[in-house]
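Worksheet: the structure to be examined is printed underneath.
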Amino acid sequence: MAGHPSPPTPLPILGEGGETEHGLRTPKYATRNTQYVVRSTEHALGMTVDAARTEEHPMSEIAQEMDIQLEVESQEELELARMRHSAAHVMAQAVLEMFPDAKLAIGPAIENGFYYDFDLPRSLTPDDLGKIEERMREIRAAAYPFVRKEIAREEALAMFADQPYKLEIIHDLPEDAVISTYTHDGFTDLCRGPHVADTSQIGHFKLLNVAGAYWRGDEKRPMLQRIYGTSWRSEEELAAYLHRLEEAQRRDHRRLGRELDLFSVSEEIGAGLILWHPKGALIRHLIERFETDEHLKRGYQLVYTPHIASAEIYKRSGHLETYQENMYAPMDIDGTPYYLKPMNCPGHIMIYNSHVRSYRDLPIRLAELGTVYRYERSGTLHGMLRVRGFTQDDAHIFCRPDQLHGEIMGVLDLAMFFARVFGYEYKAFLATRPEKSIGSDENWERATATLAAALRDMGMAYAMDPGAGAFYGPKIDIKFLDSLGREWTGPTIQVDFNLPERFDVSYVGEDGERHRAVMIHRTVLGSMERFVGGLIEHFAGAFPVWLAPVQAEIIPIADRHLPYAQQVAARLVEAGLRAEVDDSSDRMQAKIRRAQLQRVPYMLVVGDKEAEAEAVAVRLRTNENLGPMPLADFIALAREMNDTKSLALTRDAS
RNA sequence: GCCGAUGUAGCUCAGCUGGCAGAGCAGGUGUUUCGUAAACACCAGGUCGUCGGUUCGAAUCCGACCAUCGGCUCCA
């Protein structure tokens with residue numbers, strides 16, 4: 001099976017709908033947001049990701065091309081998108097009435113709603129949104145019909161003569177394109193459609209926010225004002241969506257990070273640099289320990305490499321050519337510039353190259369929890385999800401070409417194992433050669449085919465992500481889907497042709513000759529920062545027992561129960577559990593409340609009865625009350641949940 | 001980096017058009033000893049993001065910078 005990658009398997013998860021199961025948008029920085037929106041829109045149109053991507057449309061264009069001519073996978077989705085797209089038109093009318101000089105850009109339907117980009121004489125205020133919304137309601141009430149009209153190119157150019165963005169769109173349309181307009185209540189927009197019959201059908205909507213957005217997503221083009229709105233079939237669905245937005249806010253890792261005392265960012269230390277507090281650090285440590293052990297079991301070897309390195313190595317690796325804008329300025333050490341490391345690869349390669357390697361030594365899998373520093377533009381920083389210093393669970397696999405397939409399968413297996421432990425669903429993407437890339441066509445094709453074959457042999461459905469590979473090789477991106485159905489950066493597996501050449505990474509074959517080794521870059525969790533940030537939101541702060549910083553809060557009812565409470569704590573600690581006694585002078589109710597807010601899995605209430613019977617009254621953070629049980633039984637339960645890394649708090653719970 | 005908004009006590013937020021900085025929660029002390037999500041009282045806590053300007057007087061007006069938030073672009 002050489003030559004071409006197999007055709008993409010349709011991705012079942014996309015079949016669930018562009019909207020996630022719960023209708024929530026993926027958090028910013030969790031994964032490539034724009035791509036997500038594109039996918040959703042593509043899906044609403046029934047296009048495959050492949051088809052949309054190969055045409056290399058910028059997101060805005062794809063999103064704009066709502067066209068009934070496209071094959072639609074689900075009638076329901078088409079109708080939703082149509083409704084939302086129509087709402088965008090109605091919004092544009094309202095804005096144009098308010099600002100007669102407004103220049104209109106584009107206004108597509110997106111996941112859960114719509115937006116429209118405008119070039120306006122002044123900045124919009126939240127007040128304006130209210131007015132626009134009000135006017136939209138009037139337009140909806142009037143039930144103006146949407147009228148489609150196909151027009152000649154010249155006519156279109158004349159009609160939109162004072163709308164420069166529309167003119168640009170018309171100019172960019174292919175010669176034979178059908179140009180159509182949609183008109184309602186005297187407002188006409190260049191649009192391929194489709195639309196609902198009249199403005200009464202634009203759904204129950206709410207305008208959410210105003211944001212800046214570059215024309216055509218290009219930072220060199222004008223900055224427009226984008227109004228985001230959401231629209232739903234019924235008032236109830238709208239209310240439910242707004243409620244889900246609030247729920248997502250309640251889980252925001254930045255908020256929970258503070259409330260649960262997991263991490264902070266200090267302006268004095270610097271933006272984008274995470275301070276891990278004891279509880280956050282404990283969670284990270286537990287994950288790292290688990291992950292490290294698992295890697296050792298799977299034949300990886302641990303290494304450590306320095307945080308700074310001479311410019312020489314980054315010259316040779318090509319980082320100074322292709323990655324310098326992400327690297328911090330060098331420091332001078334005895335006349336030689338040294339850089340903070342932005343990646344771990346060069347160090348691992350140096351370790352590989354420290355010996356002559358035989359084909360019998362391969363594969364060599366070098367793993368490091370490697371801390372790297374990358375310059376990120378100030379506007380992009382976001383809690384733990386987008387930072388300037390982070391620790392990757394990085395590894396580089398050096399192998400023979402004939403081992404590549406098996407090694408990739410091994411990484412995929414590891415990735416699926418981790419997804420299961422943390423309770424994530426996932427979906428896979430195969431990213432192929434970008435325009436700016438190096439290496440021979442043959443290498444690219446072979447590597448891409450190998451990745452595709454490994455995915456297939458692991459029985460993993462995947463979608464193509466054309467042109468999204470690294471410049472040095474294709475990759476598999478796996479997205480974790482959290483409990484709200486949102487996407488998070490997950491494992492990535494990259495095949496690299498570049499560095500093995502640059503560093504002459506080789507092995508001696510059976511034939512006694514030197515051969516070029518194949519190199520795989522891979523990370524399973526991504527970075528500890530982003531992964532833990534995502535985990536906080538995934539679990540809404542209620543970590544499974546094995547990760548909970550405090551597993552059991554012991555709550556004495558009165559001070560006279562303190563000695564027994566201490567005794568219980570000692571027994572738990574002895575059993576390897578993390579327990580804490582609430583010895584404050586608060587009432588029991590307040591202690592329970594505090595433990596609840598801290599998402600402590602088990603609350604052990606101890607009073608006279610328990611002290612006498614050497615028991616604990618077990619309350620779960622789910623508000624379930626298990627009642628009194630012998631201390632030994634509780635220890636057995638908690639240990640079992642801990643040791644099996646169960647996502648549940650009790651044996652029978654799911 | 002760009003567009004817009006915001007920055008007052010550890011947290012959430014008041015403080016109208018310039019005139020002595022406030023509340024609740026958290027914290028400390030004391031009282032209370034209580035059976036499954038907040039007992040009561042008292043106390044302490046702030047260079048109002050930073051720097052500069054206007055003014056008799058600035059948390060409040062102006063400017064620059066820093067940080068954060070919502071997006072764009074980019075990414076682990």
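Note on naming: chains are A, B, ... as they come in the structure tokens, residues start from 1 per chain, ligands start from 1 in the order shown.
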
Counting only C-alpha atoms (C1' of nucleotides), which residues of chain A fall within 7 Å of chain B, and what is the closest atom pair for each with its distance in Å at one decimal, ordered by chain and rising number, as CSV?
residue,atom,partner,partner_atom,distance
A:Ala211,CA,B:G71,C1',4.4
A:Gly212,CA,B:C3,C1',4.2
A:Ala213,CA,B:C72,C1',4.2
A:Tyr214,CA,B:C72,C1',5.7
A:Gly217,CA,B:C72,C1',6.8
A:Glu219,CA,B:U73,C1',6.1
A:Met223,CA,B:C3,C1',6.3
A:Glu267,CA,B:A67,C1',6.4
A:Arg377,CA,B:G1,C1',6.2
A:Gln392,CA,B:A76,C1',6.9
A:Gly526,CA,B:A76,C1',5.1
A:Ser527,CA,B:A76,C1',5.3
A:Ile557,CA,B:C34,C1',7.0
A:Ala558,CA,B:U33,C1',4.8
A:Asp559,CA,B:U33,C1',6.2
A:Arg587,CA,B:C34,C1',5.9
A:Gln589,CA,B:U36,C1',6.6
A:Ala590,CA,B:A38,C1',5.5
A:Ile592,CA,B:A37,C1',6.3
A:Arg593,CA,B:A37,C1',4.1

**Prompt:** Where does DSSP see strand (DSSP E or B) in region 554-637 of chain A, if you list the residues as a ChimeraX atom specification?
**Reply:** /A:554-556,579-581,602-606,615-620,625-630

**Item:** Residues flagged alpha helix (DSSP H) by DSSP in region 46-226 of chain A, as a count of residues only
**Value:** 69

**Prompt:** Which residues, written as a PyMOL selection string, have at least one atom at most 8 Å from Ala94 (chain A), with only C-alpha atoms (C1' of nucleotides) counted and residues fewer than 2 positions away on the same chain left out?
**Reply:** chain A and resi 90-92+96-98+132+135-136

Within 7 Å of region 276-293 of chain A, which residues of region 451-562 of chain A show up? Give each one with its shortest atom-to-atom distance in Å (one decimal) and the two atoms involved, counting only C-alpha atoms, rows by chain then rising residue number, as CSV.
residue,atom,partner,partner_atom,distance
A:Met528,CA,A:Arg284,CA,7.0
A:Leu547,CA,A:Ile283,CA,5.5
A:Pro549,CA,A:Lys279,CA,5.5

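From CA of Leu637 (chain A) back to CA of Ile554 (chain A), the distance works out to 15.7 Å.
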
**Item:** Shell around G22 (chain B) at 10 Å using only C-alpha atoms (C1' of nucleotides), local window under 2 positions removed, as a VMD selection string
**Value:** chain B and resid 8 14 to 15

Restricted to C-alpha atoms (C1' of nucleotides), what would the selected residues look like written as an mmCIF file, in the first residue's frame?
data_model
loop_
_atom_site.group_PDB
_atom_site.id
_atom_site.type_symbol
_atom_site.label_atom_id
_atom_site.label_comp_id
_atom_site.auth_asym_id
_atom_site.auth_seq_id
_atom_site.Cartn_x
_atom_site.Cartn_y
_atom_site.Cartn_z
ATOM 1 C "C1'" U B 8 -10.719 49.882 43.688
ATOM 2 C "C1'" A B 14 -20.253 49.677 45.213
ATOM 3 C "C1'" G B 15 -18.117 54.564 44.974
#

**Message:** Could you check the closest approach to A59 (chain B) for each of B:G24, B:G10, B:G46, B:U29 and tell me which residue wins, using only C-alpha atoms (C1' of nucleotides)?
**Reply:** B:G46

**Prompt:** At what distance in Å, to one decimal, does CA of Glu247 (chain A) lie from CA of Ser234 (chain A)?
**Reply:**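 Value for the CA of Ser234 (chain A)-CA of Glu247 (chain A) distance: 19.8 Å.
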
**Request:** With a distance cut-off of 7 Å and only C-alpha atoms (C1' of nucleotides), select the neighbouring residues of Gly229 (chain A), excluding the residue or stretch itself and same-chain residues fewer than 6 positions from it, and output the selection as a list in words.
**Result:**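 Counting only C-alpha atoms (C1' of nucleotides), the residues come to Gly113, Phe114, Tyr115, Phe205, Lys206, Leu207 and Leu208 of chain A.
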
**Residue contacts of Gly410 (chain A) (12 Å, only C-alpha atoms (C1' of nucleotides)) excluding same-chain residues fewer than 6 positions away, as number ranges by chain** = A: 295, 298-300, 363, 365, 397, 403-404, 416-417, 451, 454-455, 457-458, 493, 520, 522, 524

Let me see the file: selected residues, N, CA, C and O atoms, as a compact mmCIF listing (two decimals), in the first residue's frame.
# COMPACT_ATOMS: atom_id res chain seq x y z
N HIS A 295 5.21 5.14 30.22
CA HIS A 295 6.21 5.20 29.15
C HIS A 295 7.31 4.18 29.37
O HIS A 295 7.77 3.53 28.43
N ARG A 298 6.36 0.90 28.34
CA ARG A 298 6.22 0.74 26.90
C ARG A 298 7.54 0.95 26.16
O ARG A 298 7.55 1.21 24.95
N GLY A 299 8.63 0.84 26.88
CA GLY A 299 9.92 0.82 26.20
C GLY A 299 10.51 2.18 25.89
O GLY A 299 11.41 2.30 25.07
N TYR A 300 9.99 3.22 26.51
CA TYR A 300 10.63 4.52 26.37
C TYR A 300 11.73 4.64 27.41
O TYR A 300 11.69 4.00 28.46
N PRO A 363 13.99 0.26 17.75
CA PRO A 363 13.80 1.71 17.92
C PRO A 363 14.35 2.20 19.26
O PRO A 363 14.35 1.46 20.22
N ARG A 365 13.54 5.11 21.92
CA ARG A 365 12.46 6.06 22.24
C ARG A 365 12.90 6.90 23.43
O ARG A 365 13.00 6.38 24.54
N ILE A 397 11.10 9.26 18.72
CA ILE A 397 11.36 7.86 18.42
C ILE A 397 12.25 7.79 17.19
O ILE A 397 11.91 8.37 16.15
N GLN A 403 10.13 0.01 10.72
CA GLN A 403 9.52 0.01 12.05
C GLN A 403 8.51 1.13 12.23
O GLN A 403 7.79 1.18 13.22
N LEU A 404 8.48 2.02 11.25
CA LEU A 404 7.67 3.22 11.39
C LEU A 404 6.20 2.89 11.66
O LEU A 404 5.59 3.43 12.59
N MET A 416 -4.79 6.37 22.90
CA MET A 416 -6.14 5.91 23.21
C MET A 416 -6.24 5.48 24.67
O MET A 416 -7.25 5.70 25.33
N PHE A 417 -5.15 4.90 25.15
CA PHE A 417 -5.12 4.49 26.56
C PHE A 417 -5.30 5.70 27.47
O PHE A 417 -6.10 5.69 28.40
N LEU A 451 1.26 6.88 7.98
CA LEU A 451 0.39 7.39 9.04
C LEU A 451 -1.05 6.90 8.82
O LEU A 451 -1.72 6.45 9.74
N ALA A 454 -1.42 3.26 9.64
CA ALA A 454 -1.42 3.00 11.08
C ALA A 454 -2.78 3.33 11.67
O ALA A 454 -3.31 2.58 12.49
N LEU A 455 -3.34 4.44 11.25
CA LEU A 455 -4.67 4.82 11.74
C LEU A 455 -5.67 3.73 11.37
O LEU A 455 -6.48 3.30 12.19
N ASP A 457 -5.12 0.60 10.63
CA ASP A 457 -4.87 -0.67 11.30
C ASP A 457 -5.23 -0.62 12.78
O ASP A 457 -5.44 -1.65 13.41
N MET A 458 -5.28 0.58 13.33
CA MET A 458 -5.73 0.71 14.71
C MET A 458 -7.25 0.83 14.77
O MET A 458 -7.82 0.98 15.86
N ILE A 493 1.40 13.31 16.41
CA ILE A 493 2.46 12.41 15.97
C ILE A 493 2.98 12.95 14.64
O ILE A 493 2.23 13.03 13.68
N ILE A 520 10.35 10.23 14.70
CA ILE A 520 8.96 10.60 15.02
C ILE A 520 8.99 11.54 16.22
O ILE A 520 9.61 11.23 17.24
N ARG A 522 6.55 13.10 19.00
CA ARG A 522 5.19 12.85 19.46
C ARG A 522 4.98 13.37 20.88
O ARG A 522 5.89 13.40 21.69
N VAL A 524 1.72 13.18 23.86
CA VAL A 524 0.43 12.54 24.11
C VAL A 524 -0.53 13.52 24.80
O VAL A 524 -1.67 13.67 24.39

**Request:** Determine, counting only C-alpha atoms (C1' of nucleotides), which protein, DNA and RNA residues have an atom within 7 Å of an atom of Gly469 (chain A); residues of the same chain fewer than 5 positions away are not included. Present the result as a ChimeraX atom specification.
**Result:** /A:431-434,474-475

Output of the above residues as a tab-separated table (two decimals), in the first residue's frame, restricted to all heavy atoms:
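The resulting file, out29.tsv, is reproduced below:
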chain	number	residue	atom	x	y	z
A	431	ALA	N	-2.90	15.32	8.93
A	431	ALA	CA	-2.51	16.59	8.32
A	431	ALA	C	-1.43	16.35	7.30
A	431	ALA	O	-0.39	15.76	7.59
A	431	ALA	CB	-2.03	17.55	9.41
A	432	THR	N	-1.65	16.84	6.09
A	432	THR	CA	-0.72	16.55	5.00
A	432	THR	C	0.14	17.75	4.65
A	432	THR	O	0.08	18.79	5.28
A	432	THR	CB	-1.50	16.11	3.75
A	432	THR	OG1	-2.41	17.15	3.42
A	432	THR	CG2	-2.27	14.83	4.03
A	433	ARG	N	0.90	17.60	3.60
A	433	ARG	CA	1.96	18.55	3.24
A	433	ARG	C	1.46	19.98	3.05
A	433	ARG	O	0.57	20.22	2.25
A	433	ARG	CB	2.62	18.07	1.95
A	433	ARG	CG	3.77	18.93	1.52
A	433	ARG	CD	4.55	18.29	0.41
A	433	ARG	NE	5.84	18.99	0.28
A	433	ARG	CZ	6.86	18.50	-0.40
A	433	ARG	NH1	6.77	17.33	-1.00
A	433	ARG	NH2	7.98	19.17	-0.47
A	434	PRO	N	2.05	20.90	3.76
A	434	PRO	CA	1.69	22.31	3.54
A	434	PRO	C	2.44	22.86	2.34
A	434	PRO	O	3.37	22.23	1.84
A	434	PRO	CB	2.16	22.99	4.83
A	434	PRO	CG	3.29	22.15	5.31
A	434	PRO	CD	3.05	20.74	4.81
A	474	PRO	N	4.40	15.13	7.60
A	474	PRO	CA	2.97	15.04	7.91
A	474	PRO	C	2.75	14.65	9.37
A	474	PRO	O	3.68	14.21	10.04
A	474	PRO	CB	2.50	13.92	6.98
A	474	PRO	CG	3.69	13.05	6.81
A	474	PRO	CD	4.88	13.96	6.84
A	475	LYS	N	1.54	14.81	9.85
A	475	LYS	CA	1.28	14.46	11.24
A	475	LYS	C	-0.14	13.99	11.45
A	475	LYS	O	-1.03	14.27	10.66
A	475	LYS	CB	1.58	15.65	12.15
A	475	LYS	CG	0.69	16.86	11.90
A	475	LYS	CD	0.97	17.95	12.93
A	475	LYS	CE	0.15	19.19	12.62
A	475	LYS	NZ	0.26	20.21	13.66
